Structure formats: C-alpha cells, structure tokens
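Engineer: Have a look at this one.
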Amino acid sequence: MKLTLRVWRQRAADADGAMSTYEVDGISADMSFLEMLDTLNEELILKGEDPVAFDHDCREGICGACSLVINGDAHGPERTTTCQLHMRSFADGDTIDVEPWRASAFPVVKDLVVDRSAFDRIIQAGGYVTAPTGAAPEAHATAVPKPDADFAFEHAECIGCGACVAACPNGAAMLFTSAKVNHLNVLPQGAPERETRVLDMVAQMDEEGFGGCTLAGECATACPKGIPLVSITGMNKEWLRATRKASRR
Amino acid sequence: MARTVWDSSVGKKTVMAVSGLIMLLYLVVHMIGNLKIFFGPGEFNHYAHWLRTVGEPFMHYEWTLWLIRVALVVAVFAHATSAYQLSRRDIRARPNKYVHKKARASYATRTMRWGGIILALFIVWHILDLTTGTVHSGGFQEGHPYQNVVDTFSTWYGNVIYIVAMLALGLHIRHGFWSAAQTLGVGSRNRDRALKTVANALALLLTAGFLAVPVGVMTGLVS
Amino acid sequence: MTYTEYVTGEPIADTKAPAGPVNERWDTRRFEAKLVNPANRRKHTVIVVGTGLAGGSAGATLAEQGYHVVQFCFQDSPRRAHSIAAQGGINAAKNYRNDGDSVHRLFYDTVKGGDFRARESNVHRLAQISVEIIDQCVAQGVPFAREYGGLLDTRSFGGVQVSRTFYARGQTGQQLLLGAYQALSRQIAAGNIEMHARTEMLDLIVVDGRARGIVARDLITGEITSHFADAVVLASGGYGNVFYLSTNAMNSNATAVWRAHRRGAHFANPCFTQIHPTCIPRTGEHQSKLTLMSESLRNDGRIWVPKAKGDQRPANQIPEDERDYYLERIYPSFGNLVPRDIASRAAKNVCDEGRGVGPGGQGVYLDFADAIARLGRKAVEEKYGNLFDMYARITAEDPYTVPMRIYPAVHYTMGGLWVDYDLQTTVPGLFAIGEANFSDHGANRLGASALMQGLADGYFVLPATINDYLARHPGQDRLDAQHPVVQEVLAETEDRLNLLLSVDGDRTPDSFHRELGELMWEFCGMARSESGLRKALERIPQIREEFWRRIKVPGTGEEFNQSLEKANRIVDYLELAELMCLDALNRAESCGGHFREESQTPDGEAERRDEEFSYAAAWEFTGTGAAPVLHKEDLVFEYVHPTQRSYV
C-alpha cells in the first residue's frame with residue numbers, strides 16, 4: 001500500500017504546530033497503524049529529519065498510552081485503540097490525517113503526544129477505596145452480587161486513554177470520571193466513600209478545565225473499551241444523591 | 001447545597017434539566033390551550049379569560065397567572081444563564097478544532113445552542129406580539145386573543161417566525177428531554193429506548209400541536 | 001582475558017532467611033527485623049523506580065507506613081506500567097474450592113514448576129502471602145469474577161490441578177494494577193509520595209557502598225537530575241525486550257537493573273527467560289511486538305497440527321484422524337495444560353518438523369470447536385470473549401469458526417537482580433522487587449504467579465524488610481548534587497547521551513535492536529547449544545562496536561526525544577544480552593525455560609543436572625565486555641525434593 005499522511009507536527013508545548021505531509025510506501029495490510037508510523041519514522045531518521053513523536057507502549061490495547069486522532073476520529077475508524085487498528089482498515093492511495101488529542105486540559109507535549117496528567121489528578125481526588133495494606137478483611141467476608149460485580153468490572157475496564165475527551169465536542173471528561181465512580185460506588189467496599197468520591201472527583205474534573213457534558217454521545221462511540229454513555233447518567237445520579245446527603249449533614 | 005450545585009458543571013446541568021422540564025410542562029399546557037382556537041372565538045376567548053381567574057376566590061384576579069409568569073421567568077433565566085456559562089466552559093475546554101472535520105453527534109444535539117438562542121429571541125417576540133401587543137400587526141385588542149392570533153398568522157413573517165421557532169423547539173425538546181433525564185440520573189440501559197421514544201413523541205406532539213394554529217389560520221380553518 | 005574466560009568467585013548465600021521450619025521463617029524474620037519508630041519514618045526517603053504491581057503496591061504501602069516516597073515511571077502515568085497487560089489471573093492458596101489446595105501445595109507446585117532452581121524459603125513465603133493479596137485487592141475494590149452466590153470465582157491455570165487462580169475476565173493484571181495505582185494515587189494526593197512520571201532512571205548513585213539515589217532524565221525537557229534517598233527500590237520489571245520481539249510493552253527496558261548491576265548489584269540467572277506458548281504468530285518484518293493470548297485459553301482449546309508435513313489445507317478441511325493433538329498424545333495426564341516451557345518447546349518441535357501452520361509455518365492451531373460444541377458459543381464467549389475479539393482484530397480471522405494460530409514468544413524473565421530473603425541486592429540499601437529480581441520462580445514461572453509475586457513483594461515483603469535496613473542505618477549523611485560521586489554519575493550519564501547524539505551514523509536504533517533480538521532468539525531462545533551460544537557471544541561485541549560507530553540519533557538531548565530514549569536502552573541490552581548468553585553457556589543443563597540441546601533425555605525431554613547445577617548463578621560486573629565473576633548460591637531443598645519433572 002502507498003499512503004499519504006498528513007501529520008500534526010509541533011516541536012514543543014509552546015511552539016506553533018502545523019500539518020506536514022509525508023508519503024509512505026510498501027505498507028502491509030497486516031501492519032498496525034503504529035507499525036506504519038514506525039516505518040515512516042525509520043525513514044525520517046535516516047533522512048536526518050525529526051521522527052514523529054507519539055505515545056505508545058503495550059501495543060495490545062490495554063495500557064491506554066496510544067492516542068491519535070485519525071481522520072477526525074479518536075483512535076481511528078474502528079472501535080479499538082490506535083495500536084490495535086490495522087492498515088487493512090485503509091485503502092491503497094488513501095490520505096490519512098493524524099492529529100493529537102485536542103482539549104485544553106490535555107496540552108500538546110510534542111507532535112502527537114499530549115499531557116494527560118489531569119486524569120491522574122481526578123483519580124487522586126477520590127478514585128480509590130481507602131484500604132491500607134494489611135487492614136483487609138477476609139475476601140469472602142462480603143459477598144458481592146454477581147450483577148454488581150459485573151457492573152463494576154465493566155466500568156473498571158477504562159484504560160484512561162482519553163479518547164472520550166478527544167472525541168467530545170466540549171472536551172469533557174465525564175465518561176472517564178463516571179467510569180471510576182460507577183466502578184467503585186456500586187461495590188460494598190466503595191460504599192463508605194461513596195458521596196465524597198463523586199463530589200471530589202467531579203470538582204477536580206471541573207478544576208482541570210474539562211468541558212461539561214451535553215450528552216452528544218461522542219465519548220461512548222469513541223471509547224475503545226465500550227464504556228456506555230449511561231455511565232454518565234449513573235454518575236449524575238450519584239452526584240445528586242451525594243449533594244442531597246451532604247446538605248443534610 | 002445551592003453553592004455546590006451552581007459551582008459544578010454537573011450541578012449547572014441539573015439546573016438546566018429542572019428549569020427545562022418546568023418549561024416543558026408549561027408548554028404542554030400552553031399547547032392544549034392553543035388548540036381551543038379550533039372551537040371558535042367564544043371558547044378560546046373564554047379560556048383566555050379563565051386563565052386570569054384561576055384559583056378564585058382564594059386567589060385574586062390574575063394572581064395565579066402572575067405566579068406562573070414569575071416561575072417561568074425564573075426558569076428561563078436559570079436555563080439561559082446555565083447554558084451560557086456551560087457553553088463558555090465547553091468552548092474554553094476545546095479551543096483548537098481538528099483539522100480533519102467530521103460531522104458529529106445528531107442534528108438535535110448539535111443545534112441545542114443555536115436552537116436555544118432562536119427560542120429565546122422567539123419568546124421575546126411572542127410576548128411583544130401577543131401578550132403586550134407592542135409589535136402586533138394590525139390593531140392589538142386586549143381581551144380578544146382569538147382575533148389577535150388570527151392577525152399574527154395572517155402575515156407572512158408571523159408565520160415564518162413562528163414555524164421556524166416551533167421546529168427549533170421540537171429539536172430542542174427531542175435532545176433536551178432525554179438529556180434532562182440523563183442529567184437527573186433517571187436514565188438507564190433498559191429505560192433508554194423508552195426515554196428516547198417519549199422525547200421524540202413529546203417533540204413531535206408539541207411541534208405539531210403548536211403548528212396546528214398557524215396552519216389553521218393559513219388554511220382558513222380559523223378565521 | 002576474553003569474556004567467556006570468566007572465573008568463579010566466592011560463593012554467595014542468603015543470610016537473611018532464618019533457620020527453622022519453612023512455614024515459620026517469615027514470621028520469625030518479621031519479628032527479628034528492626035522497626036523504625038513511626039515518628040521517625042517521615043524522615044526517611046525511599047526511592048521507588050517503577051509503578052507496576054510491585055512498585056505501585058510498594059510505593060503506596062511505604063507511604064501508608066509514613067515514609068517519604070519519591071517514585072518514578074517513564075510512562076506518562078503510573079497507571080500504564082506493563083503489569084496492566086497481564087491477562088490470566090493471580091494464584092492464591094485460598095482453597096475456596098475445597099479441592100485439596102493449601103499453602104504447602106502452592107509452595108510445592110511453585111518449586112517444582114520452577115524446576116528446582118528457586119529458594120525454598122522465598123517460595124514458601126510467597127505461597128503464604130498469596131492469601132492476603134486476594135483480601136487486600138478485594139478490599140480495594142478490584143472487581144474479580146464472581147459466582148452467582150456473590151463469592152469469588154476461581155479457575156485452574158497452566159499446569160496446575162487445583163482451581164486457585166482468581167481472575168477478572170481476561171484483564172486481571174489491569175484490575176490489580178489499577179487497584180495499586182489507586183492506592184498510590186491516594187498517597188500522592190495525601191502528599192506522602194512525590195511522583196515523577198515521564199522520568200526515566202538512568203543510573204544508580206552508590207555512596208560509601210550504599211545505594212543513595214538515582215540519576216534520572218525528565219523525558220519531556222531532557223533535563224538530567226539526581227535524586228537522593230536512604231534506600232532505593234527497583235521495581236522496573238523484566239528484560240524480555242532484549243529479544244526485540246516479545247510480549248513486553250515497547251518501552252519496557254532493562255536500563256534500571258542493568259545500571260544497578262554495573263554499580264555492584266549481582267545479576268542472577270539471566271538466561272532464565274520464559275517463552276509463552278500462546279502468542280499470536282508474527283506476520284512480517286514490520287512486526288514491532290508480539291501479543292499474548294492468555295494461556296487460560298488452553299483450558300478449553302485443543303492444540304494440534306496436521307499429521308502430514310507441509311499440509312496446506314485449511315484447518316476445517318483436515319479430517320480428525322489426520323490431526324495430531326500432540327500435547328494430548330505426548331502428555332496424556334496434563335494434555336494441553338502442561339507448563340509453559342514444555343508447551344512452547346513442543347510447538348517449536350512440530351514446527352521444526354515442517355508441520356507448522358500459517359504463513360512461514362511458524363504456528364500451531366488452538367482449536368475451540370470442541371469447547372463450543374460442549375459448552376455452547378455463549379459460554380465460550382463469556383469466558384474468553386475479549387481474547388477472541390483481540391485475536392480477530394489482529395489477524396482478521398474469526399476464532400469461533402477458524403482455529404486460532406499460536407506460536408511461542410518471549411514473555412517473562414525469571415532472572416534478575418540477585419536478592420536475599422529481604423529482597424535486598426548485593427548493594428546495601430538497594431532492593432529489587434517483582435520481575436526485576438530473580439527470587440521466586442526458579443527456572444520457570446507458573447501461570448498466574450507473576451501477579452502474585454509482584455504484589456507479595458510490594459504490599460507485604462518489602463515494606464516489612466526495608467524497615468530493618470532503615471532502622472540499622474538511621475542517620476546517613478545528607479547528599480546533594482555537588483557530592484563528587486553524584487557529579488561523576490551525572491557526568492557519565494550526560495556523556496553517554498551526548499555520545500549517542502554525536503555519532504550521527506547511518507543506522508537507526510531499531511535496526512540494531514532488531515538485529516540483536518534476532519540473534520538472541522536464534523541462539524538464546526527456546527533451545528540453546530554450546531556452539532550457538534558461542535556464536536552469539538562472538539557476534540554481540542561486534543554489534544556493540546558497530547552500534548557505537550553507526551548509530552544515528554536525531555535531535556538533541558534537551559527535548560522530548562524518543563529515539564534517544566530507545567538508543568540508550570539498546571546500549572544496555574547490548575551488554576545484558578552478552579551476560580544472558582554467557583549464563584546460558586555456563587548452565588550446561590536443561591531446566592525450566594532454559595533448554596540446552598546437549599542435556600536431554602533419550603526421548604527429548606529436558607534433563608536437569610542437579611549435582612552440577614543446583615545453584616543460582618549470581619554474576620558480578622567487572623566492565624563492559626570484560627569477563628564477569630560467577631558467584632554460586634547453592635540451593636538446598638529440605639521440603640520439596642528434586643525429582644525429574646514429569647508431566648507424562
């Protein structure tokens with residue numbers, strides 16, 4: 001396959017960026033999208049040019065590092081992570097636009113690499129259960145109904161890639177935040193911090209400069225792990241409940 | 001609690017949802033009242049008069065109406081202010097657009113902001129036209145709403161403004177009702193289809209119900 | 001003196017494990033270990049490198065205890081450490097199934113599975129702690145799979161006859177890691193941990209014989225900084241990426257452990273690498289990494305190849321009697337569930353015979369037709385849905401209708417920094433936990449034991465043992481960047497990076513990495529021979545020399561420069577690879593994941609030679625390309641007596 005790539009190049013956070021055009025040839029349909037970029041980078045290095053910087057690590061769709069907007073879609077045309085997108089999804093002669101995640105809470109570091117530490121701070125605000133090592137009761141002391149456990153798991157699957165923010169017309173982090181709130185709030189282990197968790201995480205989310213939710217649904221469509229839009233509804237419910245309870249205290 | 005709600009993006013959405021639902025409830029009542037126009041000036045004008053005497057003798061003349069008006073003004077103001085502030089936040093959160101443009105979300109979702117502005121402007125015109133009569137075409141007659149309505153829909157621009165606004169209203173309700181349900185946390189996977197159906201039905205019903213009046217005037221059914 | 005003319009130095013021994021019955025040693029050690037007064041803990045700084053299962057859990061726990069923790073990861077977030085990719089599960093001797101499991105059985109299975117090359121006291125402790133890990137993780141909200149009654153579900157896993165593996169669909173590593181990450185996040189928010197993400201450790205600072213800090217590079221700005229502490233904990237993972245193609249993440253690397261080795265930490269059993277039998281075969285030259293399919297698939301999938309060589313028919317056109325279910329044939333009692341090393345080697349053998357399937361004949365079938373017929377598609381989907389989806393996405397084949405193709409790939413490294421019972425390396429104050437150390441898996445790791453070990457080390461072992469070290473060294477001199485030793489380490493690091501940038505040759509970092517990896521896979525992979533290893537040992541110094549002549553690294557050191565990061569890691573692979581081959585050459589026996597062609601039984605099974613090799617090989621660094629010194633730690637088996645492993 002022969003392809004034309006238009007890639008966002010930006011030397012550093014404070015530098016101006018622009019799309020640059022590259023031609024790549026000899027691309028196999030079995031290559032992953034990132035392997036295609038590897039091929040481009042090998043050529044650029046030998047030509048003495050700066051290779052395209054992009055985040056990636058596990059390349060099996062679980063670490064959440066890879067983060068490219070391909071032809072306007074976060075993670076590209078398939079519902080998966082960029083690393084699991086294969087070139088068979090494209091046709092010979094295609095022109096492909098590659099851009100970084102766009103959101104003011106995710107500033108560009110270089111080229112296609114963005115800073116997603118805002119997500120870490122949302123988790124730090126309350127996305128945990130306070131269970132110091134050694135203090136745990138016997139695992140079977142509390143049975144968790146299977147539907148609750150499954151519900152928790154479904155939300156815990158979030159890989160923190162940020163595709164939801166990248167896809168959202170408002171740059172909102174509602175789906176990310178709601179995934180963690182739902183995961184922990186449904187479990188008996190998460191119950192004692194149920195109210196503070198959702199209030200603090202939502203407050204931190206706002207603090208980081210993410211947008212609000214207009215329920216456009218783009219986040220859930222882009223989510224490689226299939227976190228459903230209704231997850232946001234669940235968080236809203238938790239938030240209202242917590243607000244009411246907090247006002248009674 | 002008020003502080004928490006107003007300071008949070010989720011809280012402001014709650015304000016929008018609640019105020020939106022109040023206005024929606026009003027619109028349903030309003031539309032049903034409007035349909036009385038098809039039963040002639042007598043019934044319609046009588047209904048309009050009754051609106052002023054609701055609650056008597058407990059309430060004084062027009063008290064109830066004014067209470068409703070105040071509630072509506074508060075709702076509109078809260079809805080618009082939240083919408084404005086949230087929109088500002090959203091635009092700030094996403095200052096750089098993608099070079100590769102893509103059509104996003106459904107039509108109803110994308111037109112919420114413009115639709116809202118259209119509706120706000122419409123409300124102003126609508127009040128000046130049929131409540132105060134300030135911009136009414138032809139002689140506005142206090143206490144004769146039937147004739148006033150017929151006059152408004154006898155002008156081409158009256159019809160255009162009204163029809164555009166009602167279509168915007170339909171779209172706004174379609175996304176807004178479902179959206180409000182999500183914001184208030186009553187949506188769920190099992191209920192999603194039902195909520196969407198209700199939203200679509202409400203949108204359709206209100207648009208059709210409101211549009212029936214100008215159509216009635218245009219076709220001569222109401223004159 | 002050439003590299004292969006190494007000498008054997010003084011034997012090395014673990015002096016920390018107490019004497020006495022194996023099941024009492026951990027209690028005894030915890031009691032004997034000195035404690036640090038809670039009020040004094042915040043005066044101690046501990047550096048933790050890595051935020052995977054071991055590092056994340058250690059950082060969180062040390063911070064909970066009151067220490068000041070300074071933690072590093074090269075990823076953009078601590079949540080992305082490669083532990084996240086572990087699929088299958090985590091072992092624990094809970095015996096919830098009442099199927100005869102016990103701490104002793106897990107201990108026994110692990111020692112035996114490791115082919116009698118692990119230390120009994122460490123393994124027993126691991127088995128004891130396994131039960132606490134599950135409790136801890138459940139308390140954190142880890143959503144393990146549950147049964148309808150609401151209790152935890154378990155399954156049997158890779159070569160084990162009891163169901164002791166706890167799991168969270170095919171994403172157990174992710175869920176456990178997020179649990180640790182969340183605990184870590186709580187401590188970061190509380191101000192007890194100073195977290196440095198996108199910061200890579202490039203060297204160790206040893207002052208007066210003690211580990212006192214690290215030199216690290218901020219990957220965004222390129223700034224090289226020094227960080228000081230009273231103890232340094234390496235939780236930087238394994239070194240499987242020496243092979244270029246492995247199931248490790250692209251950025252997993254050996255720099256932290258190798259630099260520590262260069263500063264005096266002995267490296268133990270570097271040749272013990274695990275080749276995982278169920279990975280997706282490679283598709284071509286462009287392949288950048290290999291993807292593992294959880295070996296839980298072997299619980300229900302049947303492995304076969306055509307009986308005839310070069311049979312090119314599609315799988316479903318090959319009749320039943322022309323298929324060779326070779327694992328079931330050779331190992332009737334374990335069948336498809338034989339340990340990883342055996343399954344891998346068997347796959348290699350049938351492919352070497354010319355019976356491999358798929359492009360290049362480097363693959364065998366893993367067939368679910370029987371399982372789907374027996375359990376129904378829905379049940380199979382429930383169990384393995386995400387793995388099947390992943391396979392379909394990568395290969396564009398539907399595993400529900402066409403058998404999967406699998407082939408072994410490098411997956412885990414049992415070798416690592418030599419540590420004593422306290423997990424302390426030969427450099428006082430330097431600890432190594434998780435895959436970075438060599439301690440618990442011997443020559444072969446059992447499935448679902450890596451997660452167990454990482455968390456055991458991080459949550460329970462290290463926090464107990466590091467107290468002892470810190471209590472014994474309460475008042476160490478304050479260090480600053482002006483200290484001559486620190487200056488020297490900083491200068492060395494800067495010089496190395498500058499040299500990489502200045503060569504301006506004509507080969508990319510990846511081209512060297514790939515060349516080294518192919519060499520290692522051929523000569524130090526699934527089967528090793530003296531002649532092959534000698535060839536590799538001759539070739540590696542040549543590649544290294546060529547590397548420093550022809551490497552091309554674009555850009556500068558004062559910016560985000562992924563090529564520079566990569567090239568710097570290859571510098572260390574080029575030295576570590578040499579040691580791996582030397583260790584493999586030295587160990588002229590077959591054991592676990594290490595198969596020497598010269599040492600096999602008449603029917604082709606691995607043959608261990610206990611009388612000569614019942615030791616852990618701890619290597620001491622003497623200089624790049626210079627012969628290292630071998631220190632042997634004799635392994636004593638008081639409870640599990642070595643037998644030739646037999647899975648027939």
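Following the order of the structure tokens, chains are lettered A, B, ..., residues in each are numbered from 1, and ligands are numbered from 1.
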Hey, which bits of chain C sit within 6 Å of chain A, and for each residue what's the closest pair of atoms and how far apart in Å (one decimal), counting only C-alpha atoms, rows by chain and increasing number, as a tab-separated table?
Structural biologist:
residue	atom	partner	partner_atom	distance
C:Arg80	CA	A:Cys63	CA	4.9
C:Asp135	CA	A:Ala139	CA	4.4
C:Gln136	CA	A:Ala136	CA	5.1
C:Val138	CA	A:Ala139	CA	6.0
C:Ala139	CA	A:Ala136	CA	5.7
C:Gln140	CA	A:Val129	CA	5.3
C:Gly141	CA	A:Gln189	CA	5.9
C:Pro143	CA	A:Phe153	CA	5.3
C:Arg146	CA	A:Lys146	CA	5.7
C:Tyr148	CA	A:Lys146	CA	5.3
C:Gly150	CA	A:Pro145	CA	4.4
C:Leu151	CA	A:Ala143	CA	5.3
C:Gln182	CA	A:Tyr128	CA	5.0
C:Ser185	CA	A:Gln124	CA	4.7
C:Arg186	CA	A:Gln124	CA	5.5
C:Ala189	CA	A:Gln124	CA	5.4
C:Ala249	CA	A:Cys58	CA	3.9
C:Met250	CA	A:Asp57	CA	4.9
C:Asn251	CA	A:Asp57	CA	5.8
Engineer: Please identify the helix (DSSP H, G or I) residues within segment 172-259 of chain C (assignment by DSSP from backbone atoms) and present them as a list in words.
Structural biologist: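 Written out, the helix (DSSP H, G or I) residues of segment 172-259 of chain C are Thr172, Gly173, Gln174, Gln175, Leu176, Leu177, Leu178, Gly179, Ala180, Tyr181, Gln182, Ala183, Leu184, Ser185, Arg186, Gln187, Ile188, Ala189, Gly240, Asn241, Val242, Phe243, Thr255, Ala256, Val257, Trp258 and Arg259 of chain C.
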Engineer: Please produce an output containing C-alpha atoms for each residue in the selection, written as a short mmCIF file (atom, residue, chain, number, x, y, z; two decimals), in the first residue's frame.
Structural biologist:
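The file below, part-v3.cif, is the result:
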data_model
loop_
_atom_site.label_atom_id
_atom_site.label_comp_id
_atom_site.auth_asym_id
_atom_site.auth_seq_id
_atom_site.Cartn_x
_atom_site.Cartn_y
_atom_site.Cartn_z
CA THR C 172 -6.66 -9.44 35.77
CA GLY C 173 -3.39 -7.53 35.52
CA GLN C 174 -5.23 -4.37 34.60
CA GLN C 175 -7.59 -4.62 37.53
CA LEU C 176 -4.88 -5.43 40.06
CA LEU C 177 -2.67 -2.68 38.72
CA LEU C 178 -5.46 -0.14 38.88
CA GLY C 179 -6.02 -1.21 42.48
CA ALA C 180 -2.39 -0.48 43.27
CA TYR C 181 -2.46 2.70 41.19
CA GLN C 182 -5.46 3.93 43.11
CA ALA C 183 -3.78 3.19 46.42
CA LEU C 184 -0.76 5.06 45.08
CA SER C 185 -2.95 7.95 43.93
CA ARG C 186 -4.40 8.26 47.40
CA GLN C 187 -0.91 8.64 48.83
CA ILE C 188 0.12 11.11 46.14
CA ALA C 189 -2.91 13.24 46.98
CA GLY C 240 12.41 -9.62 27.78
CA ASN C 241 12.77 -6.80 25.30
CA VAL C 242 16.40 -7.85 24.77
CA PHE C 243 14.76 -10.12 22.19
CA THR C 255 18.28 0.05 31.96
CA ALA C 256 17.44 0.40 35.65
CA VAL C 257 18.52 -3.13 36.57
CA TRP C 258 21.50 -3.12 34.26
CA ARG C 259 22.81 0.18 35.57
#
Engineer: Looking only at the backbone, which of the residues in segment 391-611 of chain C does DSSP tag as strand (DSSP E), as number ranges by chain?
Structural biologist: C: 404-413, 416-417, 430-432
Engineer: Pick out the residues sitting within 9 Å of segment 186-202 of chain B, and hand them over as a short mmCIF file (atom, residue, chain, number, x, y, z; two decimals) with C-alpha atoms, in the first residue's frame; count only C-alpha atoms, and ignore anything fewer than 2 positions along from it in its own chain.
Structural biologist:
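Final output, saved to selection27.cif:
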data_model
loop_
_atom_site.label_atom_id
_atom_site.label_comp_id
_atom_site.auth_asym_id
_atom_site.auth_seq_id
_atom_site.Cartn_x
_atom_site.Cartn_y
_atom_site.Cartn_z
CA PRO A 228 -21.53 3.11 27.84
CA VAL A 230 -25.36 5.65 30.51
CA SER A 231 -22.33 5.52 32.77
CA THR A 233 -26.19 9.10 33.86
CA GLY A 234 -25.14 6.86 36.71
CA LYS A 237 -27.38 10.20 39.88
CA VAL B 28 -47.82 21.11 27.17
CA GLY B 170 -39.09 20.29 18.50
CA LEU B 171 -35.39 19.65 18.04
CA ILE B 173 -37.07 19.08 23.20
CA ARG B 174 -36.00 15.97 21.39
CA HIS B 175 -32.47 16.16 22.76
CA GLY B 176 -33.34 18.22 25.82
CA PHE B 177 -35.88 15.91 27.38
CA TRP B 178 -33.72 12.82 27.02
CA SER B 179 -30.71 14.80 28.12
CA ALA B 180 -32.50 16.09 31.21
CA ALA B 181 -33.40 12.53 32.14
CA GLN B 182 -29.71 11.58 31.96
CA THR B 183 -28.69 14.61 33.96
CA LEU B 184 -31.21 13.80 36.66
CA LEU B 204 -43.48 15.74 17.68
CA LEU B 205 -46.66 16.36 19.65
CA LEU B 206 -45.68 19.85 20.76
CA THR B 207 -44.39 20.90 17.36
#
Engineer: Pick out the chain A residues within 7 Å of chain B. Count only C-alpha atoms. Give them as an mmCIF file with C-alpha atoms, in the first residue's frame.
Structural biologist:
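And here's selection06.cif as it stands now:
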data_model
loop_
_atom_site.group_PDB
_atom_site.id
_atom_site.type_symbol
_atom_site.label_atom_id
_atom_site.label_comp_id
_atom_site.auth_asym_id
_atom_site.auth_seq_id
_atom_site.Cartn_x
_atom_site.Cartn_y
_atom_site.Cartn_z
ATOM 1 C CA ASN A 71 -9.201 11.205 10.048
ATOM 2 C CA GLY A 72 -11.067 13.075 12.735
ATOM 3 C CA ASP A 97 -4.867 12.824 8.726
ATOM 4 C CA ARG A 102 -7.385 18.148 21.392
ATOM 5 C CA ALA A 103 -8.511 19.595 24.713
ATOM 6 C CA SER A 104 -7.181 22.438 26.795
ATOM 7 C CA ALA A 105 -6.856 20.027 29.733
ATOM 8 C CA ASN A 170 -16.764 20.073 24.685
ATOM 9 C CA GLY A 171 -13.559 18.342 25.751
ATOM 10 C CA ALA A 203 -14.963 19.029 41.404
ATOM 11 C CA ASP A 206 -14.119 20.895 36.636
ATOM 12 C CA GLY A 209 -10.705 22.721 32.805
ATOM 13 C CA PHE A 210 -12.609 19.924 31.125
ATOM 14 C CA GLY A 211 -15.877 20.940 29.481
ATOM 15 C CA GLY A 212 -19.368 19.984 30.548
ATOM 16 C CA LEU A 215 -24.755 14.194 26.058
ATOM 17 C CA ALA A 216 -23.619 14.277 22.480
ATOM 18 C CA GLY A 217 -22.561 10.666 22.958
ATOM 19 C CA GLU A 218 -19.305 11.001 21.025
ATOM 20 C CA VAL A 230 -25.362 5.653 30.508
ATOM 21 C CA THR A 233 -26.194 9.102 33.862
ATOM 22 C CA GLY A 234 -25.137 6.860 36.712
ATOM 23 C CA ASN A 236 -25.094 12.227 37.670
ATOM 24 C CA LYS A 237 -27.382 10.203 39.882
ATOM 25 C CA THR A 243 -25.244 16.550 47.104
ATOM 26 C CA SER A 247 -26.650 19.127 52.554
#
Engineer: With a distance cut-off of 7 Å and only C-alpha atoms, select the neighbouring residues of segment 115-131 of chain B, excluding the residue or stretch itself and same-chain residues fewer than 4 positions from it, and output the selection as a ChimeraX atom specification.
Structural biologist: /B:111,135-136,148,165,168-169,172
